[in-house]
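Colleague: Structure file protein04.txt (compact mmCIF, N, CA and C atoms) is given on the next line.
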```
# COMPACT_ATOMS: atom_id res chain seq x y z
N MET A 1 211.42 138.22 -137.32
CA MET A 1 211.61 138.83 -136.01
C MET A 1 210.45 138.47 -135.10
N ARG A 2 210.72 138.52 -133.80
CA ARG A 2 209.69 138.18 -132.82
C ARG A 2 208.70 139.34 -132.67
N SER A 3 207.48 138.98 -132.24
CA SER A 3 206.45 139.99 -132.02
C SER A 3 206.70 140.73 -130.71
N VAL A 4 206.01 141.84 -130.53
CA VAL A 4 206.12 142.61 -129.29
C VAL A 4 205.68 141.75 -128.11
N ALA A 5 204.56 141.03 -128.26
CA ALA A 5 204.07 140.18 -127.17
C ALA A 5 205.10 139.11 -126.81
N ASP A 6 205.74 138.51 -127.81
CA ASP A 6 206.74 137.49 -127.52
C ASP A 6 207.96 138.10 -126.84
N ARG A 7 208.35 139.30 -127.24
CA ARG A 7 209.49 139.96 -126.59
C ARG A 7 209.17 140.26 -125.12
N ILE A 8 207.96 140.68 -124.84
CA ILE A 8 207.56 140.97 -123.46
C ILE A 8 207.52 139.68 -122.64
N ARG A 9 206.94 138.62 -123.19
CA ARG A 9 206.89 137.32 -122.52
C ARG A 9 208.30 136.81 -122.24
N HIS A 10 209.17 136.94 -123.23
CA HIS A 10 210.56 136.50 -123.08
C HIS A 10 211.25 137.26 -121.96
N ALA A 11 211.16 138.58 -121.96
CA ALA A 11 211.84 139.41 -120.97
C ALA A 11 211.32 139.13 -119.56
N LEU A 12 210.01 139.05 -119.41
CA LEU A 12 209.44 138.83 -118.07
C LEU A 12 209.76 137.44 -117.54
N SER A 13 209.63 136.42 -118.37
CA SER A 13 209.93 135.07 -117.89
C SER A 13 211.42 134.94 -117.55
N PHE A 14 212.27 135.57 -118.32
CA PHE A 14 213.71 135.56 -118.04
C PHE A 14 213.99 136.18 -116.67
N GLU A 15 213.42 137.35 -116.40
CA GLU A 15 213.70 138.05 -115.16
C GLU A 15 213.08 137.37 -113.94
N ILE A 16 211.88 136.84 -114.07
CA ILE A 16 211.23 136.19 -112.93
C ILE A 16 212.00 134.94 -112.51
N LEU A 17 212.36 134.10 -113.47
CA LEU A 17 213.13 132.90 -113.15
C LEU A 17 214.52 133.26 -112.63
N GLY A 18 215.16 134.24 -113.25
CA GLY A 18 216.48 134.67 -112.80
C GLY A 18 216.44 135.19 -111.37
N LEU A 19 215.43 135.97 -111.04
CA LEU A 19 215.29 136.52 -109.69
C LEU A 19 215.07 135.41 -108.66
N ALA A 20 214.28 134.42 -109.02
CA ALA A 20 214.04 133.29 -108.12
C ALA A 20 215.32 132.49 -107.85
N LEU A 21 216.22 132.49 -108.79
CA LEU A 21 217.49 131.78 -108.61
C LEU A 21 218.54 132.63 -107.91
N VAL A 22 218.68 133.89 -108.31
CA VAL A 22 219.81 134.71 -107.85
C VAL A 22 219.62 135.27 -106.44
N THR A 23 218.40 135.49 -105.99
CA THR A 23 218.20 136.09 -104.66
C THR A 23 218.73 135.19 -103.54
N PRO A 24 218.29 133.93 -103.45
CA PRO A 24 218.84 133.11 -102.37
C PRO A 24 220.33 132.80 -102.55
N LEU A 25 220.76 132.63 -103.79
CA LEU A 25 222.19 132.37 -104.03
C LEU A 25 223.03 133.57 -103.63
N GLY A 26 222.60 134.77 -104.00
CA GLY A 26 223.34 135.99 -103.66
C GLY A 26 223.41 136.22 -102.16
N ALA A 27 222.29 135.98 -101.46
CA ALA A 27 222.28 136.15 -100.01
C ALA A 27 223.25 135.17 -99.35
N LEU A 28 223.28 133.96 -99.84
CA LEU A 28 224.17 132.94 -99.29
C LEU A 28 225.64 133.27 -99.57
N ILE A 29 225.95 133.58 -100.81
CA ILE A 29 227.34 133.82 -101.21
C ILE A 29 227.91 135.10 -100.58
N PHE A 30 227.12 136.17 -100.52
CA PHE A 30 227.63 137.45 -100.02
C PHE A 30 227.32 137.68 -98.54
N ASP A 31 226.70 136.68 -97.90
CA ASP A 31 226.38 136.75 -96.48
C ASP A 31 225.66 138.04 -96.13
N MET A 32 224.60 138.28 -96.88
CA MET A 32 223.78 139.48 -96.67
C MET A 32 222.34 139.03 -96.51
N PRO A 33 221.52 139.87 -95.87
CA PRO A 33 220.12 139.50 -95.73
C PRO A 33 219.45 139.30 -97.09
N MET A 34 218.60 138.29 -97.18
CA MET A 34 217.92 138.03 -98.44
C MET A 34 217.06 139.22 -98.84
N SER A 35 216.55 139.98 -97.85
CA SER A 35 215.74 141.15 -98.19
C SER A 35 216.57 142.20 -98.94
N ASP A 36 217.82 142.41 -98.51
CA ASP A 36 218.67 143.38 -99.20
C ASP A 36 219.02 142.90 -100.62
N ILE A 37 219.39 141.64 -100.73
CA ILE A 37 219.68 141.09 -102.05
C ILE A 37 218.41 141.08 -102.89
N GLY A 38 217.28 140.84 -102.25
CA GLY A 38 216.00 140.86 -102.96
C GLY A 38 215.69 142.22 -103.56
N VAL A 39 215.93 143.29 -102.79
CA VAL A 39 215.70 144.65 -103.31
C VAL A 39 216.63 144.93 -104.47
N VAL A 40 217.92 144.60 -104.28
CA VAL A 40 218.88 144.78 -105.38
C VAL A 40 218.43 143.96 -106.59
N GLY A 41 217.95 142.74 -106.32
CA GLY A 41 217.49 141.88 -107.41
C GLY A 41 216.27 142.43 -108.13
N VAL A 42 215.29 142.92 -107.38
CA VAL A 42 214.06 143.46 -108.00
C VAL A 42 214.37 144.72 -108.80
N VAL A 43 215.15 145.63 -108.21
CA VAL A 43 215.52 146.85 -108.95
C VAL A 43 216.35 146.46 -110.17
N GLY A 44 217.31 145.56 -109.96
CA GLY A 44 218.13 145.10 -111.08
C GLY A 44 217.30 144.43 -112.16
N ALA A 45 216.34 143.60 -111.75
CA ALA A 45 215.48 142.91 -112.72
C ALA A 45 214.60 143.90 -113.49
N THR A 46 214.12 144.92 -112.80
CA THR A 46 213.29 145.93 -113.46
C THR A 46 214.10 146.68 -114.51
N ILE A 47 215.28 147.12 -114.10
CA ILE A 47 216.16 147.82 -115.04
C ILE A 47 216.56 146.87 -116.17
N ALA A 48 216.90 145.63 -115.81
CA ALA A 48 217.32 144.66 -116.81
C ALA A 48 216.20 144.30 -117.78
N THR A 49 214.95 144.30 -117.32
CA THR A 49 213.83 144.01 -118.21
C THR A 49 213.71 145.06 -119.30
N VAL A 50 213.82 146.32 -118.92
CA VAL A 50 213.77 147.40 -119.91
C VAL A 50 214.99 147.31 -120.83
N TRP A 51 216.16 147.12 -120.24
CA TRP A 51 217.40 146.99 -121.01
C TRP A 51 217.30 145.79 -121.94
N ASN A 52 216.76 144.67 -121.43
CA ASN A 52 216.61 143.45 -122.23
C ASN A 52 215.79 143.72 -123.49
N TYR A 53 214.66 144.37 -123.32
CA TYR A 53 213.79 144.66 -124.46
C TYR A 53 214.50 145.54 -125.49
N LEU A 54 215.07 146.65 -125.01
CA LEU A 54 215.72 147.59 -125.92
C LEU A 54 216.96 146.98 -126.57
N TYR A 55 217.78 146.30 -125.79
CA TYR A 55 219.01 145.70 -126.30
C TYR A 55 218.70 144.62 -127.34
N ASN A 56 217.77 143.72 -127.03
CA ASN A 56 217.45 142.64 -127.96
C ASN A 56 216.79 143.16 -129.24
N LEU A 57 215.97 144.17 -129.11
CA LEU A 57 215.36 144.77 -130.30
C LEU A 57 216.46 145.36 -131.19
N GLY A 58 217.38 146.12 -130.59
CA GLY A 58 218.47 146.70 -131.36
C GLY A 58 219.40 145.65 -131.94
N PHE A 59 219.70 144.61 -131.14
CA PHE A 59 220.59 143.55 -131.61
C PHE A 59 219.97 142.81 -132.79
N ASP A 60 218.66 142.50 -132.69
CA ASP A 60 217.98 141.82 -133.80
C ASP A 60 217.96 142.67 -135.06
N HIS A 61 217.70 143.96 -134.92
CA HIS A 61 217.70 144.84 -136.10
C HIS A 61 219.10 144.90 -136.73
N ALA A 62 220.12 144.98 -135.87
CA ALA A 62 221.49 145.02 -136.38
C ALA A 62 221.85 143.71 -137.08
N MET A 63 221.50 142.59 -136.47
CA MET A 63 221.80 141.29 -137.09
C MET A 63 221.06 141.14 -138.42
N ASN A 64 219.81 141.55 -138.43
CA ASN A 64 219.03 141.45 -139.66
C ASN A 64 219.63 142.31 -140.76
N ALA A 65 220.10 143.50 -140.41
CA ALA A 65 220.72 144.40 -141.40
C ALA A 65 222.05 143.84 -141.89
N TRP A 66 222.84 143.25 -140.99
CA TRP A 66 224.17 142.76 -141.35
C TRP A 66 224.16 141.39 -142.01
N THR A 67 223.24 140.51 -141.55
CA THR A 67 223.29 139.12 -142.01
C THR A 67 222.03 138.68 -142.75
N GLY A 68 220.97 139.47 -142.68
CA GLY A 68 219.72 139.09 -143.33
C GLY A 68 218.87 138.13 -142.51
N THR A 69 219.29 137.85 -141.28
CA THR A 69 218.54 136.95 -140.41
C THR A 69 218.78 137.33 -138.95
N THR A 70 217.90 136.85 -138.09
CA THR A 70 218.10 137.05 -136.65
C THR A 70 218.54 135.75 -135.97
N GLN A 71 218.75 134.71 -136.75
CA GLN A 71 219.25 133.44 -136.20
C GLN A 71 220.70 133.63 -135.75
N LYS A 72 221.01 133.18 -134.52
CA LYS A 72 222.33 133.40 -133.95
C LYS A 72 223.12 132.09 -133.88
N SER A 73 224.39 132.17 -134.22
CA SER A 73 225.30 131.05 -134.02
C SER A 73 225.69 131.02 -132.54
N VAL A 74 226.40 130.00 -132.13
CA VAL A 74 226.87 129.92 -130.74
C VAL A 74 227.76 131.12 -130.43
N LEU A 75 228.69 131.45 -131.31
CA LEU A 75 229.57 132.60 -131.08
C LEU A 75 228.76 133.90 -130.97
N GLN A 76 227.77 134.09 -131.83
CA GLN A 76 226.94 135.30 -131.77
C GLN A 76 226.15 135.35 -130.47
N ARG A 77 225.71 134.20 -129.97
CA ARG A 77 225.00 134.15 -128.69
C ARG A 77 225.93 134.53 -127.53
N ILE A 78 227.17 134.10 -127.60
CA ILE A 78 228.15 134.45 -126.55
C ILE A 78 228.41 135.96 -126.56
N VAL A 79 228.63 136.53 -127.75
CA VAL A 79 228.85 137.98 -127.87
C VAL A 79 227.61 138.74 -127.41
N HIS A 80 226.44 138.27 -127.81
CA HIS A 80 225.17 138.88 -127.42
C HIS A 80 225.05 138.94 -125.90
N ALA A 81 225.29 137.84 -125.22
CA ALA A 81 225.18 137.79 -123.76
C ALA A 81 226.24 138.66 -123.08
N ALA A 82 227.47 138.62 -123.58
CA ALA A 82 228.55 139.40 -122.97
C ALA A 82 228.30 140.90 -123.08
N LEU A 83 227.87 141.37 -124.23
CA LEU A 83 227.59 142.79 -124.41
C LEU A 83 226.40 143.24 -123.57
N PHE A 84 225.40 142.40 -123.46
CA PHE A 84 224.24 142.72 -122.63
C PHE A 84 224.69 142.92 -121.18
N GLU A 85 225.47 141.98 -120.66
CA GLU A 85 225.90 142.05 -119.27
C GLU A 85 226.85 143.22 -119.02
N ALA A 86 227.72 143.55 -119.96
CA ALA A 86 228.62 144.69 -119.79
C ALA A 86 227.83 145.99 -119.66
N GLY A 87 226.82 146.17 -120.49
CA GLY A 87 225.99 147.37 -120.39
C GLY A 87 225.23 147.42 -119.08
N LEU A 88 224.69 146.28 -118.66
CA LEU A 88 223.94 146.24 -117.41
C LEU A 88 224.86 146.50 -116.21
N LEU A 89 226.07 146.02 -116.26
CA LEU A 89 227.04 146.23 -115.19
C LEU A 89 227.27 147.73 -114.97
N LEU A 90 227.44 148.45 -116.04
CA LEU A 90 227.67 149.90 -115.94
C LEU A 90 226.46 150.64 -115.36
N ILE A 91 225.29 150.12 -115.64
CA ILE A 91 224.07 150.76 -115.15
C ILE A 91 223.84 150.45 -113.66
N LEU A 92 224.06 149.19 -113.25
CA LEU A 92 223.68 148.75 -111.91
C LEU A 92 224.72 148.99 -110.82
N MET A 93 226.00 149.03 -111.15
CA MET A 93 227.04 149.11 -110.13
C MET A 93 226.86 150.31 -109.17
N PRO A 94 226.58 151.50 -109.64
CA PRO A 94 226.40 152.61 -108.70
C PRO A 94 225.20 152.40 -107.76
N PHE A 95 224.12 151.82 -108.27
CA PHE A 95 222.96 151.55 -107.42
C PHE A 95 223.30 150.55 -106.32
N ILE A 96 224.00 149.48 -106.67
CA ILE A 96 224.37 148.46 -105.68
C ILE A 96 225.21 149.08 -104.57
N ALA A 97 226.20 149.86 -104.94
CA ALA A 97 227.06 150.51 -103.93
C ALA A 97 226.24 151.40 -103.02
N TRP A 98 225.39 152.20 -103.58
CA TRP A 98 224.57 153.13 -102.79
C TRP A 98 223.60 152.38 -101.89
N TYR A 99 222.82 151.47 -102.45
CA TYR A 99 221.78 150.81 -101.67
C TYR A 99 222.34 149.95 -100.54
N LEU A 100 223.40 149.21 -100.82
CA LEU A 100 223.96 148.32 -99.81
C LEU A 100 224.97 149.02 -98.90
N GLY A 101 225.28 150.28 -99.21
CA GLY A 101 226.23 151.03 -98.39
C GLY A 101 227.62 150.42 -98.41
N ILE A 102 228.02 149.97 -99.59
CA ILE A 102 229.34 149.35 -99.73
C ILE A 102 230.18 150.18 -100.69
N GLY A 103 231.47 149.91 -100.70
CA GLY A 103 232.36 150.63 -101.59
C GLY A 103 232.14 150.23 -103.04
N ILE A 104 232.66 151.07 -103.92
CA ILE A 104 232.48 150.83 -105.35
C ILE A 104 233.18 149.54 -105.78
N TRP A 105 234.32 149.22 -105.15
CA TRP A 105 235.02 147.98 -105.49
C TRP A 105 234.18 146.76 -105.08
N GLU A 106 233.59 146.81 -103.89
CA GLU A 106 232.73 145.71 -103.43
C GLU A 106 231.51 145.58 -104.35
N ALA A 107 230.95 146.72 -104.73
CA ALA A 107 229.81 146.70 -105.63
C ALA A 107 230.20 146.13 -106.99
N PHE A 108 231.40 146.48 -107.44
CA PHE A 108 231.91 145.94 -108.71
C PHE A 108 232.03 144.42 -108.64
N VAL A 109 232.64 143.92 -107.56
CA VAL A 109 232.80 142.46 -107.39
C VAL A 109 231.43 141.78 -107.35
N MET A 110 230.50 142.35 -106.60
CA MET A 110 229.16 141.77 -106.51
C MET A 110 228.47 141.82 -107.87
N ASP A 111 228.57 142.94 -108.54
CA ASP A 111 227.93 143.10 -109.84
C ASP A 111 228.54 142.14 -110.87
N VAL A 112 229.86 141.96 -110.83
CA VAL A 112 230.51 141.01 -111.74
C VAL A 112 230.03 139.59 -111.45
N ALA A 113 229.90 139.24 -110.16
CA ALA A 113 229.40 137.91 -109.81
C ALA A 113 227.99 137.71 -110.36
N PHE A 114 227.13 138.72 -110.18
CA PHE A 114 225.77 138.63 -110.74
C PHE A 114 225.82 138.55 -112.26
N ALA A 115 226.71 139.34 -112.86
CA ALA A 115 226.82 139.34 -114.33
C ALA A 115 227.28 137.99 -114.85
N LEU A 116 228.24 137.37 -114.16
CA LEU A 116 228.70 136.04 -114.59
C LEU A 116 227.58 135.02 -114.48
N PHE A 117 226.84 135.08 -113.38
CA PHE A 117 225.69 134.19 -113.23
C PHE A 117 224.71 134.42 -114.38
N TYR A 118 224.35 135.68 -114.61
CA TYR A 118 223.35 135.98 -115.63
C TYR A 118 223.87 135.74 -117.05
N MET A 119 225.16 135.84 -117.26
CA MET A 119 225.70 135.58 -118.59
C MET A 119 225.49 134.10 -118.94
N VAL A 120 225.81 133.22 -118.01
CA VAL A 120 225.58 131.79 -118.24
C VAL A 120 224.09 131.51 -118.33
N TYR A 121 223.34 132.09 -117.40
CA TYR A 121 221.88 131.91 -117.38
C TYR A 121 221.25 132.42 -118.68
N ALA A 122 221.68 133.59 -119.16
CA ALA A 122 221.12 134.15 -120.40
C ALA A 122 221.41 133.25 -121.59
N PHE A 123 222.62 132.73 -121.65
CA PHE A 123 222.99 131.83 -122.75
C PHE A 123 222.07 130.61 -122.76
N VAL A 124 221.92 129.97 -121.61
CA VAL A 124 221.08 128.76 -121.51
C VAL A 124 219.62 129.10 -121.73
N PHE A 125 219.11 130.14 -121.08
CA PHE A 125 217.70 130.51 -121.21
C PHE A 125 217.34 130.85 -122.64
N ASN A 126 218.15 131.70 -123.27
CA ASN A 126 217.83 132.13 -124.64
C ASN A 126 217.95 131.01 -125.65
N TRP A 127 218.87 130.12 -125.45
CA TRP A 127 218.99 128.96 -126.33
C TRP A 127 217.77 128.07 -126.18
N ALA A 128 217.34 127.86 -124.94
CA ALA A 128 216.16 127.02 -124.67
C ALA A 128 214.87 127.70 -125.14
N TYR A 129 214.82 129.02 -125.05
CA TYR A 129 213.59 129.75 -125.41
C TYR A 129 213.34 129.62 -126.91
```
Would you encode the structure as structure tokens?
Modeller:
Amino acid sequence: MRSVADRIRHALSFEILGLALVTPLGALIFDMPMSDIGVVGVVGATIATVWNYLYNLGFDHAMNAWTGTTQKSVLQRIVHAALFEAGLLLILMPFIAWYLGIGIWEAFVMDVAFALFYMVYAFVFNWAY
């Protein structure tokens, strides 16, 4: 299993790079001020960093208990990323609707778009890491 320092380095580098990519893309795609998307991104990244640490720690312990290793196959990486994003979607959607003053459906669409971006990004980042 990875050390605490490595888990922190992993989570922070993931969120910083993700934020640098998603803020300008989100502002462009949703035609919103970059400052608004930036706030949503920073709050989302902060929440996601804590979620990332707790989720990955739990996932690694579960994998180790079930399989005797924390090494993930491609299918396990896909499931890992999908479950992470589903949990984050449930946490962030109400905040997005409230902060941007949009309806829950619009927040859902925006959150799903961010989740799809981050699902692909998480798969590539974690494989490369």
Colleague: CA of Val120 in chain A and CA of Tyr55 in chain A are how many Å apart?
Modeller: 17.4 Å
Colleague: Report the distance between CA of Leu12 in chain A and CA of Leu57 in chain A in Å, rounded to one decimal place.
Modeller: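 About the pair CA of Leu12 in chain A and CA of Leu57 in chain A: they are 14.8 Å apart.
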Colleague: Have a look at A:Ala122, A:Thr69, A:Tyr129, A:Asn52 and name the one nearest to Arg7 in chain A; count all atoms listed in the file.
Modeller: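 Selected residue with least distance to Arg7 in chain A: A:Asn52.
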Colleague: Restricting the calculation to only C-alpha atoms: of A:Met32, A:Gln71, A:Val112, A:Pro94, which residue gets closest to Trp127 in chain A?
Modeller: A:Gln71
Colleague: So how far away is atom C of Glu85 in chain A from atom N of Ala115 in chain A, in Å?
Modeller: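 Here the two named atoms are 7.3 Å from each other.
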Colleague: Which one of A:Val79, A:Tyr53, A:Met93, A:Val4 sits closest to Met110 in chain A if you count only N, CA and C atoms?
Modeller: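 Comparing A:Val79, A:Tyr53, A:Met93, A:Val4 against Met110 in chain A, the winner is A:Met93.
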Colleague: Just want the 7 Å neighbourhood of Thr23 in chain A, counted on all atoms listed in the file, with same-chain residues fewer than 6 positions away dropped. Output as a list in words.
Modeller: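 My list of contacting residues is Met34, Ile37, Gly38 and Gly41 of chain A.
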Colleague: Give me, as a list of chain:residue names, all polymer residues having an atom no more than 8 Å from Asp36 in chain A, counting only N, CA and C atoms and skipping those fewer than 3 positions away in the same chain.
Modeller: A:Thr23, A:Ala27, A:Met32, A:Pro33, A:Val39, A:Val40, A:Gly41, A:Val42, A:Tyr99, A:Leu100
Colleague: Closest to Arg77 in chain A among A:Ile8, A:Ala45, A:Met119, A:Leu19, using only C-alpha atoms?
Modeller: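 Smallest distance to Arg77 in chain A is found for A:Met119.
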Colleague: Rank A:Phe59, A:Phe123, A:Phe108, A:Tyr118 by their smallest atom-to-atom distance to Ile78 in chain A, using only C-alpha atoms, and report the top residue only.
Modeller: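 Ranked by minimum distance to Ile78 in chain A, first place goes to A:Phe123.
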Colleague: Name the closest residue to Trp51 in chain A among the candidates A:Leu88, A:Leu21, A:Ile29, A:Ala97; distances are taken between atoms, counting only N, CA and C atoms.
Modeller: A:Leu88
